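S.K.: This is the content of input.cif (mmCIF, C-alpha atoms):
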```
data_entry
loop_
_atom_site.group_PDB
_atom_site.id
_atom_site.type_symbol
_atom_site.label_atom_id
_atom_site.label_comp_id
_atom_site.auth_asym_id
_atom_site.auth_seq_id
_atom_site.Cartn_x
_atom_site.Cartn_y
_atom_site.Cartn_z
ATOM 1 C CA MET R 769 -122.076 -79.820 105.261
ATOM 2 C CA ALA R 770 -119.284 -81.732 106.983
ATOM 3 C CA ARG R 771 -117.771 -84.490 104.880
ATOM 4 C CA TYR R 772 -115.193 -87.162 105.643
ATOM 5 C CA THR R 773 -111.814 -86.072 104.265
ATOM 6 C CA GLY R 774 -109.561 -88.830 105.615
ATOM 7 C CA ALA R 775 -108.132 -91.877 103.858
ATOM 8 C CA VAL R 776 -111.072 -93.646 102.234
ATOM 9 C CA CYS R 777 -109.254 -96.993 102.179
ATOM 10 C CA ARG R 778 -109.650 -97.044 105.957
ATOM 11 C CA LEU R 779 -113.422 -97.048 105.479
ATOM 12 C CA CYS R 780 -113.279 -100.153 103.288
ATOM 13 C CA ARG R 781 -111.001 -101.898 105.777
ATOM 14 C CA ARG R 782 -113.323 -100.962 108.650
ATOM 15 C CA GLU R 783 -116.277 -102.562 106.871
ATOM 16 C CA GLY R 784 -114.186 -105.561 105.820
ATOM 17 C CA GLN R 785 -115.008 -105.301 102.121
ATOM 18 C CA LYS R 786 -114.446 -103.187 99.026
ATOM 19 C CA LEU R 787 -116.746 -100.184 98.834
ATOM 20 C CA PHE R 788 -115.159 -98.962 95.566
ATOM 21 C CA LEU R 789 -114.453 -95.483 96.897
ATOM 22 C CA LYS R 790 -111.239 -94.882 94.922
ATOM 23 C CA GLY R 791 -112.118 -95.791 91.377
ATOM 24 C CA GLU R 792 -109.517 -97.760 89.434
ATOM 25 C CA ARG R 793 -107.342 -98.375 92.507
ATOM 26 C CA CYS R 794 -110.092 -100.574 93.945
ATOM 27 C CA TYR R 795 -109.747 -102.970 90.998
ATOM 28 C CA SER R 796 -105.951 -103.185 91.208
ATOM 29 C CA GLU R 797 -103.475 -104.970 93.465
ATOM 30 C CA LYS R 798 -102.941 -101.672 95.307
ATOM 31 C CA CYS R 799 -106.319 -101.993 97.002
ATOM 32 C CA SER R 800 -105.772 -101.962 100.771
ATOM 33 C CA VAL R 801 -108.472 -104.563 101.414
ATOM 34 C CA ALA R 802 -106.601 -107.038 99.192
ATOM 35 C CA HIS R 803 -103.474 -107.126 101.378
ATOM 36 C CA ARG R 804 -104.684 -105.716 104.720
ATOM 37 C CA ASN R 805 -108.082 -107.294 105.161
ATOM 38 C CA TYR R 806 -108.581 -106.235 108.770
ATOM 39 C CA ALA R 807 -109.884 -103.138 110.508
ATOM 40 C CA PRO R 808 -107.500 -100.166 110.836
ATOM 41 C CA GLY R 809 -106.040 -99.073 114.138
ATOM 42 C CA GLN R 810 -104.109 -100.651 116.990
ATOM 43 C CA HIS R 811 -106.725 -103.299 117.707
ATOM 44 C CA GLY R 812 -107.814 -103.874 114.126
ATOM 45 C CA GLN R 813 -106.594 -107.463 113.999
ATOM 46 C CA GLY R 814 -108.346 -108.486 117.208
ATOM 47 C CA ARG R 815 -111.259 -110.836 116.733
ATOM 48 C CA LYS R 816 -114.482 -109.731 118.343
ATOM 49 C CA LYS R 817 -117.868 -111.316 118.047
ATOM 50 C CA ALA R 818 -120.260 -108.595 116.914
ATOM 51 C CA SER R 819 -123.479 -108.080 118.847
ATOM 52 C CA GLU R 820 -126.859 -107.805 117.151
ATOM 53 C CA TYR R 821 -126.637 -104.027 117.442
ATOM 54 C CA GLY R 822 -123.092 -104.112 116.084
ATOM 55 C CA LEU R 823 -124.204 -105.986 112.960
ATOM 56 C CA GLN R 824 -127.019 -103.513 112.395
ATOM 57 C CA LEU R 825 -124.686 -100.553 112.855
ATOM 58 C CA ARG R 826 -122.131 -101.978 110.439
ATOM 59 C CA ALA R 827 -124.850 -102.554 107.818
ATOM 60 C CA LYS R 828 -125.988 -98.947 108.124
ATOM 61 C CA GLN R 829 -122.434 -97.578 108.013
ATOM 62 C CA THR R 830 -121.552 -99.758 105.023
ATOM 63 C CA ALA R 831 -124.523 -98.494 103.006
ATOM 64 C CA ARG R 832 -123.893 -94.896 104.032
ATOM 65 C CA ARG R 833 -120.232 -95.036 103.075
ATOM 66 C CA PHE R 834 -120.894 -97.009 99.887
ATOM 67 C CA TYR R 835 -123.080 -94.187 98.565
ATOM 68 C CA GLY R 836 -121.128 -91.347 100.215
ATOM 69 C CA VAL R 837 -124.070 -90.023 102.220
ATOM 70 C CA GLN R 838 -123.902 -88.190 105.535
ATOM 71 C CA GLU R 839 -125.775 -89.464 108.602
ATOM 72 C CA SER R 840 -128.603 -86.908 108.650
ATOM 73 C CA GLN R 841 -129.288 -87.313 104.935
ATOM 74 C CA PHE R 842 -129.201 -91.099 105.194
ATOM 75 C CA TYR R 843 -131.821 -90.996 107.960
ATOM 76 C CA HIS R 844 -133.907 -88.642 105.821
ATOM 77 C CA TYR R 845 -133.829 -91.225 103.024
ATOM 78 C CA PHE R 846 -134.910 -93.898 105.508
ATOM 79 C CA GLU R 847 -137.918 -91.776 106.515
ATOM 80 C CA MET R 848 -138.782 -91.339 102.830
ATOM 81 C CA ALA R 849 -138.518 -95.109 102.320
ATOM 82 C CA GLU R 850 -140.853 -95.765 105.282
ATOM 83 C CA ARG R 851 -143.534 -93.510 103.809
ATOM 84 C CA LYS R 852 -143.482 -95.258 100.430
ATOM 85 C CA GLN R 853 -145.499 -98.354 99.641
ATOM 86 C CA GLY R 854 -143.561 -101.601 99.560
ATOM 87 C CA VAL R 855 -140.631 -102.988 101.518
ATOM 88 C CA THR R 856 -138.793 -100.255 103.423
ATOM 89 C CA GLY R 857 -135.320 -101.730 102.878
ATOM 90 C CA ASP R 858 -135.849 -102.065 99.124
ATOM 91 C CA ASN R 859 -137.266 -98.549 98.957
ATOM 92 C CA LEU R 860 -134.212 -97.182 100.764
ATOM 93 C CA LEU R 861 -131.777 -98.746 98.302
ATOM 94 C CA LYS R 862 -133.852 -97.550 95.337
ATOM 95 C CA ILE R 863 -133.693 -93.992 96.663
ATOM 96 C CA LEU R 864 -129.919 -94.209 97.130
ATOM 97 C CA GLU R 865 -129.471 -95.689 93.644
ATOM 98 C CA SER R 866 -131.516 -92.882 92.083
ATOM 99 C CA ARG R 867 -129.177 -90.136 93.331
ATOM 100 C CA LEU R 868 -127.694 -88.258 90.385
ATOM 101 C CA ASP R 869 -124.093 -88.838 91.495
ATOM 102 C CA ASN R 870 -124.733 -92.585 91.691
ATOM 103 C CA VAL R 871 -126.283 -92.691 88.209
ATOM 104 C CA VAL R 872 -123.342 -90.710 86.789
ATOM 105 C CA TYR R 873 -120.973 -93.256 88.335
ATOM 106 C CA ARG R 874 -122.989 -96.308 87.290
ATOM 107 C CA VAL R 875 -122.967 -95.351 83.599
ATOM 108 C CA GLY R 876 -119.215 -94.687 83.553
ATOM 109 C CA PHE R 877 -119.261 -90.885 83.459
ATOM 110 C CA ALA R 878 -117.059 -90.913 86.608
ATOM 111 C CA SER R 879 -114.497 -93.291 88.136
ATOM 112 C CA SER R 880 -116.030 -93.257 91.624
ATOM 113 C CA ARG R 881 -119.066 -91.844 93.379
ATOM 114 C CA ALA R 882 -116.859 -89.218 95.019
ATOM 115 C CA GLU R 883 -115.616 -88.093 91.607
ATOM 116 C CA ALA R 884 -119.188 -88.153 90.296
ATOM 117 C CA ARG R 885 -120.260 -85.934 93.193
ATOM 118 C CA GLN R 886 -117.488 -83.462 92.339
ATOM 119 C CA LEU R 887 -118.252 -83.416 88.608
ATOM 120 C CA VAL R 888 -121.967 -82.895 89.242
ATOM 121 C CA GLY R 889 -121.172 -80.094 91.697
ATOM 122 C CA HIS R 890 -119.042 -78.386 89.038
ATOM 123 C CA GLY R 891 -122.001 -78.318 86.672
ATOM 124 C CA HIS R 892 -120.889 -80.824 84.031
ATOM 125 C CA PHE R 893 -124.247 -82.633 83.719
ATOM 126 C CA GLU R 894 -127.777 -81.944 82.577
ATOM 127 C CA VAL R 895 -131.053 -83.688 83.399
ATOM 128 C CA ASN R 896 -133.671 -83.396 80.669
ATOM 129 C CA GLY R 897 -131.672 -80.584 79.075
ATOM 130 C CA ARG R 898 -131.307 -78.483 82.232
ATOM 131 C CA ARG R 899 -128.029 -78.198 84.107
ATOM 132 C CA VAL R 900 -128.168 -79.785 87.576
ATOM 133 C CA ASP R 901 -125.330 -79.284 90.067
ATOM 134 C CA ILE R 902 -126.908 -81.045 93.059
ATOM 135 C CA ALA R 903 -125.399 -84.510 93.591
ATOM 136 C CA SER R 904 -128.349 -85.653 95.732
ATOM 137 C CA TYR R 905 -130.885 -84.854 93.005
ATOM 138 C CA LEU R 906 -133.170 -87.903 92.674
ATOM 139 C CA VAL R 907 -133.771 -89.004 89.106
ATOM 140 C CA ARG R 908 -137.032 -90.598 87.984
ATOM 141 C CA PRO R 909 -137.979 -93.015 85.206
ATOM 142 C CA GLY R 910 -137.868 -91.183 81.887
ATOM 143 C CA ASP R 911 -135.156 -88.714 82.946
ATOM 144 C CA VAL R 912 -132.242 -88.273 80.548
ATOM 145 C CA ILE R 913 -128.821 -87.505 82.030
ATOM 146 C CA SER R 914 -126.253 -86.057 79.647
ATOM 147 C CA ILE R 915 -122.873 -84.340 79.717
ATOM 148 C CA CYS R 916 -123.148 -80.592 79.092
ATOM 149 C CA GLU R 917 -122.112 -79.593 75.578
ATOM 150 C CA LYS R 918 -119.266 -77.337 76.659
ATOM 151 C CA SER R 919 -117.950 -79.954 79.109
ATOM 152 C CA ARG R 920 -117.478 -82.576 76.383
ATOM 153 C CA SER R 921 -114.252 -80.936 75.230
ATOM 154 C CA SER R 922 -112.799 -80.953 78.754
ATOM 155 C CA GLU R 923 -109.634 -83.069 79.040
ATOM 156 C CA LYS R 924 -110.809 -84.268 82.448
ATOM 157 C CA ILE R 925 -114.123 -85.515 81.063
ATOM 158 C CA LYS R 926 -112.418 -87.146 78.074
ATOM 159 C CA ALA R 927 -109.987 -88.991 80.368
ATOM 160 C CA VAL R 928 -112.808 -90.207 82.609
ATOM 161 C CA LEU R 929 -114.854 -91.484 79.654
ATOM 162 C CA GLU R 930 -111.844 -93.283 78.184
ATOM 163 C CA ALA R 931 -111.002 -94.954 81.508
ATOM 164 C CA ASN R 932 -114.564 -96.135 82.175
ATOM 165 C CA GLY R 933 -115.843 -96.876 78.682
ATOM 166 C CA ALA R 934 -115.986 -100.629 79.243
ATOM 167 C CA ARG R 935 -117.880 -100.546 82.543
ATOM 168 C CA PRO R 936 -121.097 -102.598 82.414
ATOM 169 C CA VAL R 937 -124.257 -100.504 82.647
ATOM 170 C CA PRO R 938 -127.165 -101.614 84.876
ATOM 171 C CA GLN R 939 -130.290 -102.869 83.123
ATOM 172 C CA TRP R 940 -132.476 -100.071 84.454
ATOM 173 C CA ILE R 941 -130.441 -97.437 82.584
ATOM 174 C CA ASP R 942 -130.216 -97.114 78.783
ATOM 175 C CA LEU R 943 -126.835 -95.619 77.846
ATOM 176 C CA ASN R 944 -126.119 -94.021 74.470
ATOM 177 C CA ARG R 945 -122.326 -93.814 74.435
ATOM 178 C CA ASP R 946 -122.194 -91.888 71.165
ATOM 179 C CA ALA R 947 -124.587 -89.195 72.365
ATOM 180 C CA LEU R 948 -123.065 -89.255 75.874
ATOM 181 C CA GLU R 949 -126.457 -89.505 77.496
ATOM 182 C CA ALA R 950 -128.238 -92.049 79.669
ATOM 183 C CA LYS R 951 -131.975 -92.562 80.100
ATOM 184 C CA VAL R 952 -133.453 -93.926 83.319
ATOM 185 C CA VAL R 953 -135.797 -96.648 82.097
ATOM 186 C CA SER R 954 -137.099 -97.609 85.532
ATOM 187 C CA LEU R 955 -136.061 -97.676 89.158
ATOM 188 C CA PRO R 956 -133.937 -100.756 89.915
ATOM 189 C CA GLU R 957 -135.196 -103.962 91.467
ATOM 190 C CA ARG R 958 -133.283 -105.363 94.442
ATOM 191 C CA ASP R 959 -131.417 -107.925 92.339
ATOM 192 C CA GLN R 960 -130.147 -105.100 90.114
ATOM 193 C CA ILE R 961 -128.583 -103.221 93.035
ATOM 194 C CA GLU R 962 -124.977 -104.096 93.844
ATOM 195 C CA ALA R 963 -124.852 -102.563 97.324
ATOM 196 C CA PRO R 964 -123.005 -105.078 99.579
ATOM 197 C CA VAL R 965 -125.391 -104.720 102.490
ATOM 198 C CA ASP R 966 -128.290 -106.442 104.239
ATOM 199 C CA GLU R 967 -130.906 -103.681 104.127
ATOM 200 C CA GLN R 968 -133.130 -105.475 106.673
ATOM 201 C CA LEU R 969 -130.456 -104.865 109.316
ATOM 202 C CA ILE R 970 -130.675 -101.144 108.574
ATOM 203 C CA VAL R 971 -134.443 -101.218 109.042
ATOM 204 C CA GLU R 972 -133.955 -103.002 112.363
ATOM 205 C CA PHE R 973 -131.328 -100.436 113.408
ATOM 206 C CA TYR R 974 -133.691 -97.490 112.925
ATOM 207 C CA SER R 975 -136.722 -99.340 114.307
ATOM 208 C CA LYS R 976 -135.348 -99.586 117.852
#
```
For this file, produce the structure as C-alpha cells.
M.R.:
Amino acid sequence: MARYTGAVCRLCRREGQKLFLKGERCYSEKCSVAHRNYAPGQHGQGRKKASEYGLQLRAKQTARRFYGVQESQFYHYFEMAERKQGVTGDNLLKILESRLDNVVYRVGFASSRAEARQLVGHGHFEVNGRRVDIASYLVRPGDVISICEKSRSSEKIKAVLEANGARPVPQWIDLNRDALEAKVVSLPERDQIEAPVDEQLIVEFYSK
C-alpha cells in the first residue's frame, strides 16, 4: 500500500494545526506549526476564503492524516460507520480510535501513531495473548493489549516507555503500567476523543 513518506510537518501546516505526527517534537519549540503557522508552498501565506466543499475536504484530510489512514481505507471506515446504528460521524471516530496502532499510541507504548504502526508491524504486541502485527486491527471492549514478553527487554521499547510514561491515558482504557498491558473497557464517547475535526463535515463530504 502506498504511504506518504514526505515531511510530516508539512501536513500539520497544511491543516493549520498540530496533528502530533512526530511525537515529542510536536510538544517542543521545534514544532513547525509554532513558528510557521501557515500552509507550505509558494502561496501558503495567501489568505483564501474556503468554500463549503473546501471546509469539508479539509475536515476529511485532517482526520485521515491525524490517524495515518490512506484514502481507500478511510472511505471503508466511513461505509462501516454508516451501517452501524447511531450517529455516523461518531461511529467513524470510534472506529478510528479502536485501531490497534491508535490504542498503542494512546496508552504511551509509542511516541506517535506512525511509530505505533511500525512497532505493531514488527510484532511487538499481543491482543488477548496472541501476537498481532496488523496496525489496522480493530480492538473491542474486553480486549487486552500487551507488549510481547521477548520485546520487553528491547532497548527501543524501554526508551519509548520511559519517554511516554507520564502521558495521560483515556478513560475508556485501563492501563496497568507494571504489567505493561492495557484493557479496553469500552469504546470511547465523542467527548473522550481528541481528534481535532468536525466529523459532521466529513459526513457531508461523502454524502454528496
S.K.: If we count all atoms listed in the file and set the cut-off at 7 Å, which residues sit around Ser904 in chain R, ignoring sequence neighbours fewer than 4 positions away in its own chain? Please answer as an mmCIF file with C-alpha atoms, in the coordinates of the input.
M.R.:
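See around_13.cif below for the written result:
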```
data_model
loop_
_atom_site.group_PDB
_atom_site.id
_atom_site.type_symbol
_atom_site.label_atom_id
_atom_site.label_comp_id
_atom_site.auth_asym_id
_atom_site.auth_seq_id
_atom_site.Cartn_x
_atom_site.Cartn_y
_atom_site.Cartn_z
ATOM 1 C CA ARG R 867 -129.177 -90.136 93.331
ATOM 2 C CA LEU R 868 -127.694 -88.258 90.385
ATOM 3 C CA ASP R 869 -124.093 -88.838 91.495
#
```
S.K.: Run the PyMOL selection byres ((chain R and resi 856) around 12) on the file and write out the hits as a list in words.
M.R.: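 Applying the expression gives Tyr845, Phe846, Glu847, Met848, Ala849, Glu850, Arg851, Lys852, Gln853, Gly854, Val855, Gly857, Asp858, Asn859, Leu860, Leu861, Lys862, Ile863, Arg958, Glu967, Gln968, Leu969, Ile970, Val971, Glu972, Tyr974 and Ser975 of chain R.
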S.K.: Quote the spacing between CA of Leu887 in chain R and CA of Arg832 in chain R in Å to one decimal place.
M.R.: 20.0 Å
S.K.: Measuring atom to atom with only C-alpha atoms, identify which of R:His892, R:Lys828, R:Arg945, R:Lys951 is nearest to Lys924 in chain R.
M.R.: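 Nearest candidate to Lys924 in chain R out of R:His892, R:Lys828, R:Arg945, R:Lys951: R:His892.
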S.K.: Near Ala878 in chain R, counting all atoms listed in the file, which residues have an atom at most 12 Å away, once you skip same-chain residues fewer than 6 positions from it, shown as a list of chain:residue names?
M.R.: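 Contacts, with the query itself left out: R:Leu789, R:Lys790, R:Gly791, R:Glu792, R:Leu868, R:Asp869, R:Asn870, R:Val871, R:Val872, R:Ala884, R:Arg885, R:Gln886, R:Leu887, R:Val888, R:His892, R:Phe893, R:Ile915, R:Lys924, R:Ile925, R:Lys926, R:Ala927, R:Val928, R:Leu929, R:Glu930, R:Ala931, R:Asn932, R:Gly933, R:Arg935.
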S.K.: Looking at R:Leu825, R:Val937, R:Val907, R:Val895, which one is nearest to Ser866 in chain R, with distances taken over only C-alpha atoms?
M.R.: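 Of all the options, R:Val907 lies closest to Ser866 in chain R.
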S.K.: Between CA of Ala818 in chain R and CA of Val965 in chain R, what is the spacing in Å?
M.R.: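 So the two atoms, CA of Val965 in chain R and CA of Ala818 in chain R, lie 15.8 Å apart.
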S.K.: Output the residue selection produced by the PyMOL selection byres ((chain R and resi 948) around 9) on the file above, formatted as a list in words.
M.R.: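 The output of the PyMOL selection byres ((chain R and resi 948) around 9) on this file is Phe877, Ile913, Ser914, Ile915, Arg920, Leu943, Asn944, Arg945, Asp946, Ala947, Glu949 and Ala950 of chain R.
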S.K.: Kindly give the distance, in Å, that separates CA of Pro909 in chain R and CA of Ser954 in chain R, rounded to a single decimal.
M.R.: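 Computing it gives 4.7 Å between the two atoms.
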S.K.: Have a look at R:Glu865, R:Gly836, R:Arg881, R:Trp940 and name the one nearest to Leu906 in chain R; count only C-alpha atoms.
M.R.: R:Glu865
S.K.: Could you give me, as a list in words, the residues within 8 Å of Pro938 in chain R, counting all atoms listed in the file and dropping anything in the same chain fewer than 5 positions from it?
M.R.: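 Contacts, in chain order: Arg874, Val875 and Gln960 of chain R.
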S.K.: For Val953 in chain R, which residue among R:Gln824, R:Gln939, R:Ser922, R:Gln841 is the nearest when counting all atoms listed in the file?
M.R.: R:Gln939
S.K.: For the structure provided, state which residues fall under the PyMOL selection byres ((chain R and resi 829) around 12), and present them as a ChimeraX atom specification.
M.R.: /R:779-780,782-784,787,822-828,830-839,842-843,964-967,969-970,973
S.K.: I'd like the contact shell of Gly889 in chain R - 8 Å cut-off, only C-alpha atoms, skipping same-chain residues fewer than 4 positions apart - returned as a ChimeraX atom specification.
M.R.: /R:885,901-903
S.K.: Choose the residue, out of R:Val912, R:Val900, R:Lys976, R:Ser919, that has the smallest atom-to-atom separation from Glu820 in chain R; count all atoms listed in the file.
M.R.: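 Once distances to Glu820 in chain R are computed over all atoms listed in the file, the minimum belongs to R:Lys976.
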S.K.: Around range 896-906 of chain R, fit a box with edges along x, y and z, padding it by 4 Å on each side, then list its centre and edge lengths in Å to one decimal as lines of an AutoDock Vina configuration file.
M.R.:
```
center_x = -129.5
center_y = -83.1
center_z = 87.4
size_x = 16.3
size_y = 17.7
size_z = 24.7
```
S.K.: Could I get range 887-905 of chain R rebuilt with N, CA, C and O atoms, written as a PDB file, in the coordinates of the input?
M.R.:
```pdb
ATOM      1  N   LEU R 887    -117.938 -83.837  89.967  1.00  0.00           N
ATOM      2  CA  LEU R 887    -118.252 -83.416  88.608  1.00  0.00           C
ATOM      3  C   LEU R 887    -119.653 -82.830  88.512  1.00  0.00           C
ATOM      4  O   LEU R 887    -119.882 -81.842  87.812  1.00  0.00           O
ATOM      5  N   VAL R 888    -120.610 -83.437  89.226  1.00  0.00           N
ATOM      6  CA  VAL R 888    -121.967 -82.895  89.242  1.00  0.00           C
ATOM      7  C   VAL R 888    -121.959 -81.506  89.887  1.00  0.00           C
ATOM      8  O   VAL R 888    -122.568 -80.565  89.375  1.00  0.00           O
ATOM      9  N   GLY R 889    -121.246 -81.379  91.000  1.00  0.00           N
ATOM     10  CA  GLY R 889    -121.172 -80.094  91.697  1.00  0.00           C
ATOM     11  C   GLY R 889    -120.551 -78.995  90.857  1.00  0.00           C
ATOM     12  O   GLY R 889    -120.873 -77.811  91.035  1.00  0.00           O
ATOM     13  N   HIS R 890    -119.682 -79.368  89.920  1.00  0.00           N
ATOM     14  CA  HIS R 890    -119.042 -78.386  89.038  1.00  0.00           C
ATOM     15  C   HIS R 890    -119.879 -78.083  87.801  1.00  0.00           C
ATOM     16  O   HIS R 890    -119.438 -77.337  86.923  1.00  0.00           O
ATOM     17  N   GLY R 891    -121.063 -78.666  87.737  1.00  0.00           N
ATOM     18  CA  GLY R 891    -122.001 -78.318  86.672  1.00  0.00           C
ATOM     19  C   GLY R 891    -121.745 -78.958  85.330  1.00  0.00           C
ATOM     20  O   GLY R 891    -122.058 -78.358  84.286  1.00  0.00           O
ATOM     21  N   HIS R 892    -121.208 -80.168  85.303  1.00  0.00           N
ATOM     22  CA  HIS R 892    -120.889 -80.824  84.031  1.00  0.00           C
ATOM     23  C   HIS R 892    -122.045 -81.644  83.451  1.00  0.00           C
ATOM     24  O   HIS R 892    -121.912 -82.188  82.351  1.00  0.00           O
ATOM     25  N   PHE R 893    -123.176 -81.752  84.175  1.00  0.00           N
ATOM     26  CA  PHE R 893    -124.247 -82.633  83.719  1.00  0.00           C
ATOM     27  C   PHE R 893    -125.597 -81.920  83.645  1.00  0.00           C
ATOM     28  O   PHE R 893    -125.861 -80.968  84.382  1.00  0.00           O
ATOM     29  N   GLU R 894    -126.416 -82.439  82.748  1.00  0.00           N
ATOM     30  CA  GLU R 894    -127.777 -81.944  82.577  1.00  0.00           C
ATOM     31  C   GLU R 894    -128.766 -83.082  82.805  1.00  0.00           C
ATOM     32  O   GLU R 894    -128.449 -84.245  82.536  1.00  0.00           O
ATOM     33  N   VAL R 895    -129.946 -82.743  83.285  1.00  0.00           N
ATOM     34  CA  VAL R 895    -131.053 -83.688  83.399  1.00  0.00           C
ATOM     35  C   VAL R 895    -132.204 -83.117  82.598  1.00  0.00           C
ATOM     36  O   VAL R 895    -132.672 -82.008  82.885  1.00  0.00           O
ATOM     37  N   ASN R 896    -132.600 -83.847  81.572  1.00  0.00           N
ATOM     38  CA  ASN R 896    -133.671 -83.396  80.669  1.00  0.00           C
ATOM     39  C   ASN R 896    -133.363 -82.021  80.072  1.00  0.00           C
ATOM     40  O   ASN R 896    -134.248 -81.170  79.926  1.00  0.00           O
ATOM     41  N   GLY R 897    -132.073 -81.819  79.744  1.00  0.00           N
ATOM     42  CA  GLY R 897    -131.672 -80.584  79.075  1.00  0.00           C
ATOM     43  C   GLY R 897    -131.406 -79.408  79.986  1.00  0.00           C
ATOM     44  O   GLY R 897    -131.026 -78.327  79.514  1.00  0.00           O
ATOM     45  N   ARG R 898    -131.556 -79.575  81.287  1.00  0.00           N
ATOM     46  CA  ARG R 898    -131.307 -78.483  82.232  1.00  0.00           C
ATOM     47  C   ARG R 898    -130.136 -78.854  83.133  1.00  0.00           C
ATOM     48  O   ARG R 898    -130.082 -79.966  83.664  1.00  0.00           O
ATOM     49  N   ARG R 899    -129.215 -77.922  83.300  1.00  0.00           N
ATOM     50  CA  ARG R 899    -128.029 -78.198  84.107  1.00  0.00           C
ATOM     51  C   ARG R 899    -128.413 -78.387  85.571  1.00  0.00           C
ATOM     52  O   ARG R 899    -129.163 -77.598  86.131  1.00  0.00           O
ATOM     53  N   VAL R 900    -127.905 -79.478  86.168  1.00  0.00           N
ATOM     54  CA  VAL R 900    -128.168 -79.785  87.576  1.00  0.00           C
ATOM     55  C   VAL R 900    -126.823 -79.952  88.273  1.00  0.00           C
ATOM     56  O   VAL R 900    -125.995 -80.754  87.840  1.00  0.00           O
ATOM     57  N   ASP R 901    -126.603 -79.199  89.343  1.00  0.00           N
ATOM     58  CA  ASP R 901    -125.330 -79.284  90.067  1.00  0.00           C
ATOM     59  C   ASP R 901    -125.525 -79.766  91.507  1.00  0.00           C
ATOM     60  O   ASP R 901    -124.715 -79.496  92.380  1.00  0.00           O
ATOM     61  N   ILE R 902    -126.606 -80.499  91.734  1.00  0.00           N
ATOM     62  CA  ILE R 902    -126.908 -81.045  93.059  1.00  0.00           C
ATOM     63  C   ILE R 902    -126.742 -82.557  93.004  1.00  0.00           C
ATOM     64  O   ILE R 902    -127.534 -83.250  92.349  1.00  0.00           O
ATOM     65  N   ALA R 903    -125.713 -83.076  93.665  1.00  0.00           N
ATOM     66  CA  ALA R 903    -125.399 -84.510  93.591  1.00  0.00           C
ATOM     67  C   ALA R 903    -126.518 -85.379  94.143  1.00  0.00           C
ATOM     68  O   ALA R 903    -126.699 -86.516  93.706  1.00  0.00           O
ATOM     69  N   SER R 904    -127.285 -84.866  95.101  1.00  0.00           N
ATOM     70  CA  SER R 904    -128.349 -85.653  95.732  1.00  0.00           C
ATOM     71  C   SER R 904    -129.673 -85.589  94.964  1.00  0.00           C
ATOM     72  O   SER R 904    -130.667 -86.160  95.416  1.00  0.00           O
ATOM     73  N   TYR R 905    -129.675 -84.931  93.825  1.00  0.00           N
ATOM     74  CA  TYR R 905    -130.885 -84.854  93.005  1.00  0.00           C
ATOM     75  C   TYR R 905    -131.347 -86.275  92.686  1.00  0.00           C
ATOM     76  O   TYR R 905    -130.567 -87.123  92.247  1.00  0.00           O
TER      77      TYR R 905
END
```
